[in-house]
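**Q** Input structure: entry-v4.csv, which contains CSV, N, CA and C atoms.
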chain,number,residue,atom,x,y,z
G,272,MET,N,6.4,56.5,-11.0
G,272,MET,CA,7.4,56.0,-11.9
G,272,MET,C,7.5,56.9,-13.1
G,273,SER,N,8.6,57.4,-13.5
G,273,SER,CA,8.8,58.2,-14.7
G,273,SER,C,8.8,57.3,-15.9
G,274,LEU,N,8.6,57.9,-17.0
G,274,LEU,CA,8.7,57.1,-18.3
G,274,LEU,C,10.0,56.5,-18.5
G,275,SER,N,11.1,57.2,-18.1
G,275,SER,CA,12.4,56.6,-18.3
G,275,SER,C,12.6,55.3,-17.4
G,276,GLY,N,11.9,55.2,-16.3
G,276,GLY,CA,11.9,54.0,-15.5
G,276,GLY,C,11.0,52.9,-16.1
G,277,MET,N,10.0,53.3,-16.9
G,277,MET,CA,9.1,52.3,-17.4
G,277,MET,C,9.7,51.4,-18.5
G,278,VAL,N,10.6,52.0,-19.3
G,278,VAL,CA,11.1,51.3,-20.4
G,278,VAL,C,11.9,50.1,-20.0
G,279,PRO,N,12.9,50.2,-19.0
G,279,PRO,CA,13.6,49.0,-18.6
G,279,PRO,C,12.7,48.1,-17.8
G,280,ALA,N,11.7,48.6,-17.0
G,280,ALA,CA,10.8,47.7,-16.3
G,280,ALA,C,10.0,46.9,-17.2
G,281,ARG,N,9.5,47.5,-18.3
G,281,ARG,CA,8.7,46.8,-19.3
G,281,ARG,C,9.5,45.7,-19.9
G,282,PHE,N,10.7,46.1,-20.3
G,282,PHE,CA,11.6,45.1,-21.0
G,282,PHE,C,11.9,43.9,-20.1
G,283,LEU,N,12.2,44.2,-18.8
G,283,LEU,CA,12.5,43.1,-17.9
G,283,LEU,C,11.3,42.2,-17.5
G,284,THR,N,10.1,42.8,-17.4
G,284,THR,CA,9.0,42.0,-17.1
G,284,THR,C,8.6,41.1,-18.3
G,285,MET,N,8.7,41.7,-19.5
G,285,MET,CA,8.4,40.9,-20.7
G,285,MET,C,9.4,39.8,-20.9
G,286,THR,N,10.7,40.0,-20.6
G,286,THR,CA,11.7,39.0,-20.7
G,286,THR,C,11.5,37.9,-19.7
G,287,ALA,N,11.2,38.3,-18.4
G,287,ALA,CA,11.0,37.3,-17.4
G,287,ALA,C,9.8,36.4,-17.7
G,288,HIS,N,8.7,37.0,-18.2
G,288,HIS,CA,7.5,36.2,-18.6
G,288,HIS,C,7.9,35.2,-19.7
G,289,MET,N,8.7,35.7,-20.7
G,289,MET,CA,9.0,34.8,-21.8
G,289,MET,C,9.9,33.7,-21.4
G,290,VAL,N,10.9,34.0,-20.5
G,290,VAL,CA,11.7,32.9,-20.0
G,290,VAL,C,10.9,31.9,-19.2
G,291,ILE,N,10.0,32.3,-18.4
G,291,ILE,CA,9.2,31.3,-17.7
G,291,ILE,C,8.3,30.5,-18.6
G,292,LEU,N,7.8,31.1,-19.7
G,292,LEU,CA,7.1,30.3,-20.7
G,292,LEU,C,8.0,29.2,-21.3
G,293,ILE,N,9.2,29.6,-21.6
G,293,ILE,CA,10.1,28.6,-22.2
G,293,ILE,C,10.4,27.5,-21.2
G,294,ILE,N,10.6,27.8,-19.9
G,294,ILE,CA,10.8,26.8,-18.9
G,294,ILE,C,9.6,25.9,-18.8
G,295,ILE,N,8.4,26.4,-18.9
G,295,ILE,CA,7.2,25.6,-18.9
G,295,ILE,C,7.2,24.6,-20.1
G,296,PHE,N,7.7,25.0,-21.2
G,296,PHE,CA,7.8,24.1,-22.4
G,296,PHE,C,8.6,22.9,-22.0
G,297,TRP,N,9.7,23.1,-21.2
G,297,TRP,CA,10.6,22.0,-20.8
G,297,TRP,C,10.0,21.2,-19.7
G,298,SER,N,9.2,21.7,-18.9
G,298,SER,CA,8.7,21.0,-17.7
G,298,SER,C,7.2,20.9,-17.6
G,299,ARG,N,6.5,20.7,-18.7
G,299,ARG,CA,5.1,20.7,-18.8
G,299,ARG,C,4.4,19.4,-18.3
G,300,ASP,N,5.2,18.4,-18.2
G,300,ASP,CA,4.6,17.0,-17.8
G,300,ASP,C,3.8,17.1,-16.5
G,301,PRO,N,4.4,17.6,-15.4
G,301,PRO,CA,3.6,17.5,-14.1
G,301,PRO,C,2.3,18.4,-14.2
G,302,ASN,N,2.4,19.5,-15.0
G,302,ASN,CA,1.1,20.3,-15.1
G,302,ASN,C,0.1,19.6,-15.9
G,303,VAL,N,0.5,18.8,-16.9
G,303,VAL,CA,-0.5,18.0,-17.7
G,303,VAL,C,-1.0,16.9,-16.8
G,304,ARG,N,-0.2,16.2,-16.1
G,304,ARG,CA,-0.7,15.1,-15.2
G,304,ARG,C,-1.6,15.6,-14.1
G,305,ALA,N,-1.5,16.9,-13.7
G,305,ALA,CA,-2.3,17.4,-12.6
G,305,ALA,C,-3.8,17.6,-13.0
G,306,ASN,N,-4.1,17.4,-14.3
G,306,ASN,CA,-5.4,17.5,-14.8
G,306,ASN,C,-6.2,16.3,-14.4
G,307,PHE,N,-5.6,15.2,-14.2
G,307,PHE,CA,-6.2,13.9,-14.1
G,307,PHE,C,-5.9,13.2,-12.8
G,308,GLY,N,-6.8,12.3,-12.4
G,308,GLY,CA,-6.5,11.4,-11.3
G,308,GLY,C,-5.9,10.1,-12.1
G,309,ALA,N,-6.7,9.5,-12.8
G,309,ALA,CA,-6.3,8.4,-13.7
G,309,ALA,C,-6.6,8.9,-15.1
G,310,TYR,N,-5.8,8.5,-16.0
G,310,TYR,CA,-6.0,9.0,-17.4
G,310,TYR,C,-5.5,8.0,-18.4
G,311,THR,N,-6.0,8.1,-19.6
G,311,THR,CA,-5.5,7.3,-20.7
G,311,THR,C,-4.4,8.0,-21.5
G,312,PRO,N,-3.6,7.3,-22.3
G,312,PRO,CA,-2.6,8.0,-23.1
G,312,PRO,C,-3.2,9.0,-24.0
G,313,GLU,N,-4.4,8.8,-24.5
G,313,GLU,CA,-5.1,9.7,-25.4
G,313,GLU,C,-5.4,11.0,-24.7
G,314,GLN,N,-5.9,10.9,-23.5
G,314,GLN,CA,-6.3,12.1,-22.7
G,314,GLN,C,-5.0,12.9,-22.4
G,315,TYR,N,-3.9,12.2,-22.0
G,315,TYR,CA,-2.7,12.9,-21.7
G,315,TYR,C,-2.2,13.6,-23.0
G,316,THR,N,-2.2,12.9,-24.1
G,316,THR,CA,-1.7,13.5,-25.4
G,316,THR,C,-2.5,14.8,-25.7
G,317,GLN,N,-3.8,14.7,-25.5
G,317,GLN,CA,-4.7,15.8,-25.9
G,317,GLN,C,-4.4,17.0,-25.0
G,318,LYS,N,-4.3,16.8,-23.7
G,318,LYS,CA,-3.9,18.0,-22.8
G,318,LYS,C,-2.5,18.5,-23.1
G,319,ASP,N,-1.6,17.6,-23.3
G,319,ASP,CA,-0.2,18.0,-23.6
G,319,ASP,C,-0.2,18.9,-24.9
G,320,THR,N,-0.9,18.4,-25.9
G,320,THR,CA,-1.0,19.2,-27.2
G,320,THR,C,-1.7,20.5,-27.0
G,321,GLU,N,-2.7,20.6,-26.1
G,321,GLU,CA,-3.4,21.9,-25.8
G,321,GLU,C,-2.4,22.8,-25.2
G,322,LEU,N,-1.6,22.3,-24.2
G,322,LEU,CA,-0.7,23.2,-23.6
G,322,LEU,C,0.4,23.7,-24.5
G,323,ILE,N,0.9,22.8,-25.4
G,323,ILE,CA,1.9,23.2,-26.4
G,323,ILE,C,1.4,24.2,-27.3
G,324,ILE,N,0.2,24.1,-27.7
G,324,ILE,CA,-0.4,25.1,-28.6
G,324,ILE,C,-0.6,26.4,-27.9
G,325,GLY,N,-1.0,26.4,-26.6
G,325,GLY,CA,-1.1,27.6,-25.9
G,325,GLY,C,0.2,28.3,-25.7
G,326,LEU,N,1.2,27.6,-25.3
G,326,LEU,CA,2.5,28.1,-25.1
G,326,LEU,C,3.1,28.7,-26.4
G,327,SER,N,2.8,28.0,-27.5
G,327,SER,CA,3.3,28.5,-28.8
G,327,SER,C,2.6,29.8,-29.2
G,328,ILE,N,1.3,29.9,-29.0
G,328,ILE,CA,0.6,31.1,-29.3
G,328,ILE,C,1.1,32.2,-28.4
G,329,ALA,N,1.4,31.9,-27.2
G,329,ALA,CA,1.9,32.9,-26.2
G,329,ALA,C,3.3,33.5,-26.7
G,330,LEU,N,4.1,32.6,-27.2
G,330,LEU,CA,5.4,33.0,-27.7
G,330,LEU,C,5.3,33.8,-29.0
G,331,ALA,N,4.3,33.4,-29.8
G,331,ALA,CA,4.1,34.2,-31.0
G,331,ALA,C,3.6,35.6,-30.7
G,332,LEU,N,2.7,35.7,-29.6
G,332,LEU,CA,2.3,37.1,-29.2
G,332,LEU,C,3.4,37.9,-28.7
G,333,PHE,N,4.4,37.2,-28.1
G,333,PHE,CA,5.6,38.0,-27.7
G,333,PHE,C,6.4,38.6,-28.9
G,334,LEU,N,6.3,37.9,-30.0
G,334,LEU,CA,6.9,38.5,-31.2
G,334,LEU,C,6.3,39.9,-31.6
G,335,VAL,N,4.9,39.9,-31.4
G,335,VAL,CA,4.2,41.1,-31.7
G,335,VAL,C,4.6,42.2,-30.7
G,336,GLU,N,4.6,41.8,-29.4
G,336,GLU,CA,4.9,42.8,-28.4
G,336,GLU,C,6.4,43.3,-28.5
G,337,PHE,N,7.3,42.4,-28.7
G,337,PHE,CA,8.7,42.8,-28.8
G,337,PHE,C,8.9,43.6,-30.1
G,338,GLY,N,8.2,43.2,-31.1
G,338,GLY,CA,8.3,44.0,-32.4
G,338,GLY,C,7.8,45.4,-32.2
G,339,GLY,N,6.7,45.6,-31.5
G,339,GLY,CA,6.2,47.0,-31.3
G,339,GLY,C,7.1,47.8,-30.3
G,340,PHE,N,7.6,47.0,-29.3
G,340,PHE,CA,8.5,47.7,-28.3
G,340,PHE,C,9.8,48.1,-29.0
G,341,PHE,N,10.5,47.2,-29.6
G,341,PHE,CA,11.8,47.5,-30.2
G,341,PHE,C,11.7,48.3,-31.4
G,342,GLY,N,10.6,48.3,-32.1
G,342,GLY,CA,10.3,49.1,-33.3
G,342,GLY,C,10.1,50.6,-32.9
G,343,GLY,N,9.9,50.8,-31.6
G,343,GLY,CA,9.7,52.2,-31.1
G,343,GLY,C,8.2,52.6,-31.2
G,344,VAL,N,7.3,51.7,-31.6
G,344,VAL,CA,5.9,52.1,-31.7
G,344,VAL,C,5.3,52.4,-30.4
G,345,SER,N,5.6,51.6,-29.4
G,345,SER,CA,5.0,51.8,-28.1
G,345,SER,C,6.0,51.9,-26.9
G,346,MET,N,7.3,52.1,-27.3
G,346,MET,CA,8.3,52.1,-26.2
G,346,MET,C,8.1,53.3,-25.2
G,347,PHE,N,7.6,54.4,-25.7
G,347,PHE,CA,7.5,55.6,-24.9
G,347,PHE,C,6.0,55.9,-24.7
G,348,MET,N,5.1,55.0,-24.8
G,348,MET,CA,3.7,55.2,-24.5
G,348,MET,C,3.4,54.8,-23.1
G,349,PRO,N,3.1,55.7,-22.2
G,349,PRO,CA,3.0,55.3,-20.8
G,349,PRO,C,1.8,54.3,-20.5
G,350,THR,N,0.7,54.5,-21.2
G,350,THR,CA,-0.4,53.7,-21.0
G,350,THR,C,-0.1,52.2,-21.4
G,351,GLN,N,0.4,52.0,-22.5
G,351,GLN,CA,0.8,50.7,-23.0
G,351,GLN,C,1.9,50.1,-22.1
G,352,SER,N,2.8,50.9,-21.7
G,352,SER,CA,3.9,50.4,-20.8
G,352,SER,C,3.3,50.0,-19.4
G,353,LEU,N,2.4,50.7,-18.9
G,353,LEU,CA,1.8,50.3,-17.6
G,353,LEU,C,1.0,49.0,-17.7
G,354,LEU,N,0.2,48.9,-18.8
G,354,LEU,CA,-0.6,47.7,-19.1
G,354,LEU,C,0.4,46.5,-19.2
G,355,SER,N,1.4,46.7,-20.0
G,355,SER,CA,2.4,45.6,-20.3
G,355,SER,C,3.1,45.2,-19.0
G,356,ILE,N,3.6,46.2,-18.2
G,356,ILE,CA,4.3,45.9,-17.0
G,356,ILE,C,3.4,45.1,-16.0
G,357,GLY,N,2.2,45.6,-15.9
G,357,GLY,CA,1.3,44.9,-14.9
G,357,GLY,C,0.9,43.5,-15.4
G,358,ALA,N,0.6,43.3,-16.7
G,358,ALA,CA,0.3,42.0,-17.2
G,358,ALA,C,1.4,41.0,-17.1
G,359,HIS,N,2.6,41.5,-17.5
G,359,HIS,CA,3.7,40.6,-17.6
G,359,HIS,C,4.3,40.3,-16.2
G,360,PHE,N,4.2,41.2,-15.3
G,360,PHE,CA,4.6,41.0,-13.9
G,360,PHE,C,3.7,40.0,-13.3
G,361,SER,N,2.4,40.2,-13.5
G,361,SER,CA,1.4,39.2,-12.9
G,361,SER,C,1.6,37.8,-13.5
G,362,ALA,N,1.9,37.8,-14.8
G,362,ALA,CA,2.1,36.5,-15.5
G,362,ALA,C,3.4,35.8,-14.9
G,363,SER,N,4.4,36.6,-14.7
G,363,SER,CA,5.7,36.0,-14.2
G,363,SER,C,5.4,35.4,-12.8
G,364,VAL,N,4.8,36.1,-12.0
G,364,VAL,CA,4.5,35.5,-10.6
G,364,VAL,C,3.6,34.3,-10.7
G,365,SER,N,2.5,34.5,-11.5
G,365,SER,CA,1.5,33.4,-11.6
G,365,SER,C,2.1,32.1,-12.2
G,366,LEU,N,2.8,32.3,-13.3
G,366,LEU,CA,3.4,31.2,-14.0
G,366,LEU,C,4.5,30.5,-13.2
G,367,THR,N,5.2,31.3,-12.3
G,367,THR,CA,6.2,30.7,-11.4
G,367,THR,C,5.4,29.8,-10.4
G,368,LEU,N,4.3,30.2,-9.9
G,368,LEU,CA,3.5,29.4,-9.1
G,368,LEU,C,2.9,28.2,-9.8
G,369,PHE,N,2.6,28.4,-11.1
G,369,PHE,CA,2.1,27.4,-12.0
G,369,PHE,C,3.1,26.2,-12.1
G,370,VAL,N,4.4,26.6,-12.1
G,370,VAL,CA,5.4,25.5,-12.2
G,370,VAL,C,5.7,24.9,-10.9
G,371,PHE,N,5.9,25.7,-9.8
G,371,PHE,CA,6.3,25.2,-8.6
G,371,PHE,C,5.2,24.5,-7.8
G,372,GLU,N,4.0,25.0,-7.9
G,372,GLU,CA,2.9,24.3,-7.2
G,372,GLU,C,2.1,23.3,-8.1
G,373,VAL,N,2.6,23.1,-9.3
G,373,VAL,CA,2.0,22.2,-10.2
G,373,VAL,C,0.5,22.3,-10.4
G,374,TRP,N,0.1,23.5,-10.9
G,374,TRP,CA,-1.3,23.7,-11.2
G,374,TRP,C,-1.7,22.9,-12.5
G,375,PRO,N,-3.0,22.5,-12.6
G,375,PRO,CA,-3.4,21.8,-13.8
G,375,PRO,C,-3.2,22.7,-15.0
G,376,SER,N,-2.9,22.2,-16.1
G,376,SER,CA,-2.6,22.9,-17.3
G,376,SER,C,-3.8,23.7,-17.9
G,377,ASP,N,-5.0,23.3,-17.5
G,377,ASP,CA,-6.2,24.1,-17.9
G,377,ASP,C,-6.2,25.5,-17.4
G,378,GLN,N,-5.5,25.7,-16.2
G,378,GLN,CA,-5.5,27.1,-15.7
G,378,GLN,C,-4.6,28.0,-16.4
G,379,PHE,N,-3.8,27.5,-17.3
G,379,PHE,CA,-2.9,28.3,-18.2
G,379,PHE,C,-3.7,29.2,-19.0
G,380,TRP,N,-4.9,28.8,-19.5
G,380,TRP,CA,-5.6,29.6,-20.5
G,380,TRP,C,-6.2,30.9,-19.8
G,381,LEU,N,-6.5,30.9,-18.6
G,381,LEU,CA,-6.9,32.1,-17.9
G,381,LEU,C,-5.8,33.1,-17.8
G,382,LEU,N,-4.6,32.6,-17.5
G,382,LEU,CA,-3.4,33.5,-17.4
G,382,LEU,C,-3.1,34.0,-18.8
G,383,PHE,N,-3.2,33.1,-19.8
G,383,PHE,CA,-2.9,33.5,-21.2
G,383,PHE,C,-3.8,34.6,-21.7
G,384,GLY,N,-5.1,34.5,-21.4
G,384,GLY,CA,-6.0,35.6,-21.8
G,384,GLY,C,-5.7,36.9,-21.3
G,385,PHE,N,-5.5,37.0,-20.0
G,385,PHE,CA,-5.3,38.3,-19.3
G,385,PHE,C,-3.8,38.8,-19.4
G,386,CYS,N,-2.9,37.9,-19.4
G,386,CYS,CA,-1.5,38.3,-19.3
G,386,CYS,C,-0.7,38.2,-20.6
G,387,ASN,N,-1.2,37.6,-21.6
G,387,ASN,CA,-0.6,37.5,-22.9
G,387,ASN,C,-1.4,38.2,-24.0
G,388,ALA,N,-2.6,37.7,-24.2
G,388,ALA,CA,-3.5,38.2,-25.3
G,388,ALA,C,-3.8,39.6,-25.1
G,389,LEU,N,-4.2,40.1,-23.9
G,389,LEU,CA,-4.6,41.4,-23.7
G,389,LEU,C,-3.6,42.5,-24.1
G,390,PRO,N,-2.3,42.4,-23.5
G,390,PRO,CA,-1.3,43.4,-24.0
G,390,PRO,C,-0.9,43.2,-25.4
G,391,ALA,N,-1.0,42.0,-25.9
G,391,ALA,CA,-0.6,41.8,-27.4
G,391,ALA,C,-1.6,42.4,-28.3
G,392,VAL,N,-2.9,42.3,-27.9
G,392,VAL,CA,-4.0,42.9,-28.8
G,392,VAL,C,-3.8,44.5,-28.8
G,393,PHE,N,-3.6,45.0,-27.6
G,393,PHE,CA,-3.4,46.5,-27.5
G,393,PHE,C,-2.1,46.9,-28.3
G,394,GLU,N,-1.1,46.1,-28.2
G,394,GLU,CA,0.1,46.4,-29.0
G,394,GLU,C,-0.1,46.4,-30.5
G,395,LEU,N,-0.9,45.4,-30.9
G,395,LEU,CA,-1.2,45.2,-32.3
G,395,LEU,C,-2.1,46.4,-32.8
G,396,ILE,N,-3.0,46.8,-31.9
G,396,ILE,CA,-3.8,48.0,-32.3
G,396,ILE,C,-2.9,49.2,-32.4
G,397,LEU,N,-2.0,49.4,-31.5
G,397,LEU,CA,-1.0,50.5,-31.6
G,397,LEU,C,-0.2,50.4,-32.9
G,398,ILE,N,0.3,49.3,-33.2
G,398,ILE,CA,1.1,49.1,-34.4
G,398,ILE,C,0.3,49.4,-35.7
G,399,ILE,N,-0.9,48.9,-35.8
G,399,ILE,CA,-1.7,49.2,-36.9
G,399,ILE,C,-2.1,50.7,-37.0
G,400,GLY,N,-2.4,51.2,-35.8
G,400,GLY,CA,-2.7,52.7,-35.8
G,400,GLY,C,-1.6,53.5,-36.2
G,401,VAL,N,-0.4,53.2,-35.8
G,401,VAL,CA,0.8,54.1,-36.1
G,401,VAL,C,1.1,53.9,-37.6
G,402,LEU,N,1.1,52.6,-38.1
G,402,LEU,CA,1.4,52.4,-39.5
G,402,LEU,C,0.3,52.9,-40.4
G,403,ALA,N,-0.9,52.8,-40.1
G,403,ALA,CA,-2.0,53.2,-40.9
G,403,ALA,C,-2.2,54.7,-41.0
G,404,PHE,N,-1.9,55.4,-39.9
G,404,PHE,CA,-2.1,56.9,-39.9
G,404,PHE,C,-0.8,57.6,-39.9
G,405,LYS,N,0.3,57.0,-40.3
G,405,LYS,CA,1.6,57.6,-40.4
G,405,LYS,C,1.5,58.6,-41.5
G,406,LYS,N,2.0,59.8,-41.3
G,406,LYS,CA,2.0,60.9,-42.3
G,406,LYS,C,3.2,60.8,-43.2
G,407,GLY,N,3.1,61.0,-44.4
G,407,GLY,CA,4.2,61.0,-45.4
G,407,GLY,C,5.1,62.2,-45.2
G,408,LEU,N,6.2,62.1,-45.8
G,408,LEU,CA,7.2,63.2,-45.7
G,408,LEU,C,6.8,64.3,-46.6
Can you turn what I pasted into C-alpha cells?

**A**
Amino acid sequence: MSLSGMVPARFLTMTAHMVILIIIFWSRDPNVRANFGAYTPEQYTQKDTELIIGLSIALALFLVEFGGFFGGVSMFMPTQSLLSIGAHFSASVSLTLFVFEVWPSDQFWLLFGFCNALPAVFELILIIGVLAFKKGL
C-alpha cells in the first residue's frame, strides 16, 4: 500500500472506530448486564459508570489522534499510519462483535488499551516531538 492509500484508509478506520464507540454509548445496557448473573442496582451503576468513563477517555484520545492527523503532524508518517490503521481496524471489528454478541463490559478495557491508548500515545509522542524540536525560521 502506498502512502497515498494510507491517508484515506487511516481516516476511514479512525472514523469507523469512533462511530462504533458512539453507538456503544447509546446501547451499553446489554453489555453492562452481561457482567452479572444476578446483580444489585449498585453493582449495575458501578459497571455502567466504568464503561462510560472508558468510552469518554477513548473519545478524548480520538481528539489527540485526529488533532495530530488533521494538523499534519503524522498524516504522512507511514509507521504511525500503519499502527493506526491496524489498531483502529481491529477495534472496529472487535467492538462490532462487542455490540452484536453482547460481550461483558469488562472486556472493553483490553480493547481500549491496545486499540485506543497505544496509537494515541504514539501520536502524542509524535506531536510533542514535532512541536518541541521544530526549527525556527

**Q** Pick out the closest residue to Arg299 of chain G from this set: G:Met285, G:Ala331, G:Leu366, G:Leu322. Count only N, CA and C atoms.

**A**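 Answer, going by the shortest atom-to-atom distance: G:Leu322.
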
**Q** How many Å separate atom C of Ser365 of chain G from atom N of Thr320 of chain G?

**A**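 Pair atom C of Ser365 of chain G / atom N of Thr320 of chain G returns 19.6 Å.
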
**Q** When you draw a straight line from atom CA of Asn302 of chain G to atom CA of Ser376 of chain G, how long is it in Å?

**A**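 Spanning atom CA of Asn302 of chain G to atom CA of Ser376 of chain G is a straight-line distance of 5.0 Å.
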
**Q** What's the separation between atom CA of Ser352 of chain G and atom CA of Val278 of chain G, in Å to one decimal place?

**A**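 Interatomic distance, atom CA of Ser352 of chain G to atom CA of Val278 of chain G: 7.3 Å.
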
**Q** Using the chain letters and numbers from this document, which residues of chain G does DSSP assign to helix (DSSP H, G or I), as an MDAnalysis selection string?

**A** chainID G and resid 274:297 300:304 312:341 349:371 376:403

**Q** Find the spatial neighbours of Thr286 of chain G, counting only C-alpha atoms, within a cut-off of 10 Å - ignore same-chain residues fewer than 3 positions away - and output them as a list of chain:residue names.

**A**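 Listed by chain and then number, they are G:Ala280, G:Arg281, G:Phe282, G:Leu283, G:Met289, G:Val290, G:Ile291, G:Leu292, G:Phe333, G:Phe337, G:His359, G:Ser363.
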
**Q** Which of these, G:Val373, G:Cys386, G:Leu332, G:Gly343, has the shortest distance to Ser361 of chain G once you count all atoms listed in the file?

**A**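 Among the listed residues, the smallest separation from Ser361 of chain G belongs to G:Cys386.
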
**Q** Between G:Val364, G:Ile399, G:Leu330, G:Phe383, single out the one closest to Ile293 of chain G, counting all atoms listed in the file.

**A**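 Checking each candidate against Ile293 of chain G, we get G:Leu330 as the closest.
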
**Q** My list of candidates is G:Thr367, G:Ser275, G:Asp377, G:Met348. Which is closest to Val303 of chain G when distances are computed with only N, CA and C atoms?

**A**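 Closest candidate: G:Asp377.
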
**Q** Restricting the calculation to only C-alpha atoms: of G:Met277, G:Ala403, G:Leu397, G:Ala391, which residue gets closest to Ile328 of chain G?

**A**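 For Ile328 of chain G, the nearest of the given residues is G:Ala391.
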
**Q** Between G:Phe369, G:Val401, G:Thr316, G:Pro301, which has the minimum distance to Val344 of chain G (counting only N, CA and C atoms)?

**A**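 That would be G:Val401, the residue with the smallest distance to Val344 of chain G.
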
**Q** Would you mind putting all heavy atoms back on segment 397-404 of chain G and writing the result as a PDB file, in the frame of the given file?

**A**
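The result, written out as selection.pdb:
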ATOM      1  N   LEU G 397      -2.000  49.400 -31.500  1.00  0.00           N
ATOM      2  CA  LEU G 397      -1.000  50.500 -31.600  1.00  0.00           C
ATOM      3  C   LEU G 397      -0.200  50.400 -32.900  1.00  0.00           C
ATOM      4  O   LEU G 397       0.013  51.453 -33.597  1.00  0.00           O
ATOM      5  CB  LEU G 397      -0.113  50.570 -30.424  1.00  0.00           C
ATOM      6  CG  LEU G 397      -0.722  51.106 -29.145  1.00  0.00           C
ATOM      7  CD1 LEU G 397       0.239  50.903 -27.977  1.00  0.00           C
ATOM      8  CD2 LEU G 397      -1.064  52.571 -29.290  1.00  0.00           C
ATOM      9  N   ILE G 398       0.300  49.300 -33.200  1.00  0.00           N
ATOM     10  CA  ILE G 398       1.100  49.100 -34.400  1.00  0.00           C
ATOM     11  C   ILE G 398       0.300  49.400 -35.700  1.00  0.00           C
ATOM     12  O   ILE G 398       0.789  50.185 -36.534  1.00  0.00           O
ATOM     13  CB  ILE G 398       1.692  47.666 -34.505  1.00  0.00           C
ATOM     14  CG1 ILE G 398       2.733  47.438 -33.399  1.00  0.00           C
ATOM     15  CG2 ILE G 398       2.311  47.395 -35.867  1.00  0.00           C
ATOM     16  CD1 ILE G 398       3.155  45.984 -33.233  1.00  0.00           C
ATOM     17  N   ILE G 399      -0.900  48.900 -35.800  1.00  0.00           N
ATOM     18  CA  ILE G 399      -1.700  49.200 -36.900  1.00  0.00           C
ATOM     19  C   ILE G 399      -2.100  50.700 -37.000  1.00  0.00           C
ATOM     20  O   ILE G 399      -2.029  51.284 -38.052  1.00  0.00           O
ATOM     21  CB  ILE G 399      -2.987  48.300 -36.892  1.00  0.00           C
ATOM     22  CG1 ILE G 399      -2.608  46.841 -37.131  1.00  0.00           C
ATOM     23  CG2 ILE G 399      -4.005  48.774 -37.927  1.00  0.00           C
ATOM     24  CD1 ILE G 399      -3.731  45.862 -36.897  1.00  0.00           C
ATOM     25  N   GLY G 400      -2.400  51.200 -35.800  1.00  0.00           N
ATOM     26  CA  GLY G 400      -2.700  52.700 -35.800  1.00  0.00           C
ATOM     27  C   GLY G 400      -1.600  53.500 -36.200  1.00  0.00           C
ATOM     28  O   GLY G 400      -1.755  54.488 -37.012  1.00  0.00           O
ATOM     29  N   VAL G 401      -0.400  53.200 -35.800  1.00  0.00           N
ATOM     30  CA  VAL G 401       0.800  54.100 -36.100  1.00  0.00           C
ATOM     31  C   VAL G 401       1.100  53.900 -37.600  1.00  0.00           C
ATOM     32  O   VAL G 401       1.370  54.849 -38.318  1.00  0.00           O
ATOM     33  CB  VAL G 401       1.987  53.696 -35.238  1.00  0.00           C
ATOM     34  CG1 VAL G 401       3.263  54.265 -35.802  1.00  0.00           C
ATOM     35  CG2 VAL G 401       1.763  54.187 -33.827  1.00  0.00           C
ATOM     36  N   LEU G 402       1.100  52.600 -38.100  1.00  0.00           N
ATOM     37  CA  LEU G 402       1.400  52.400 -39.500  1.00  0.00           C
ATOM     38  C   LEU G 402       0.300  52.900 -40.400  1.00  0.00           C
ATOM     39  O   LEU G 402       0.622  53.403 -41.537  1.00  0.00           O
ATOM     40  CB  LEU G 402       1.667  50.923 -39.736  1.00  0.00           C
ATOM     41  CG  LEU G 402       2.900  50.346 -39.037  1.00  0.00           C
ATOM     42  CD1 LEU G 402       3.022  48.868 -39.318  1.00  0.00           C
ATOM     43  CD2 LEU G 402       4.154  51.084 -39.472  1.00  0.00           C
ATOM     44  N   ALA G 403      -0.900  52.800 -40.100  1.00  0.00           N
ATOM     45  CA  ALA G 403      -2.000  53.200 -40.900  1.00  0.00           C
ATOM     46  C   ALA G 403      -2.200  54.700 -41.000  1.00  0.00           C
ATOM     47  O   ALA G 403      -2.530  55.293 -42.042  1.00  0.00           O
ATOM     48  CB  ALA G 403      -3.353  52.618 -40.461  1.00  0.00           C
ATOM     49  N   PHE G 404      -1.900  55.400 -39.900  1.00  0.00           N
ATOM     50  CA  PHE G 404      -2.100  56.900 -39.900  1.00  0.00           C
ATOM     51  C   PHE G 404      -0.800  57.600 -39.900  1.00  0.00           C
ATOM     52  O   PHE G 404      -0.727  58.824 -39.577  1.00  0.00           O
ATOM     53  CB  PHE G 404      -2.882  57.254 -38.616  1.00  0.00           C
ATOM     54  CG  PHE G 404      -4.232  56.609 -38.585  1.00  0.00           C
ATOM     55  CD1 PHE G 404      -4.560  55.668 -37.638  1.00  0.00           C
ATOM     56  CD2 PHE G 404      -5.188  56.941 -39.539  1.00  0.00           C
ATOM     57  CE1 PHE G 404      -5.796  55.070 -37.618  1.00  0.00           C
ATOM     58  CE2 PHE G 404      -6.429  56.341 -39.537  1.00  0.00           C
ATOM     59  CZ  PHE G 404      -6.741  55.423 -38.573  1.00  0.00           C
TER      60      PHE G 404
END
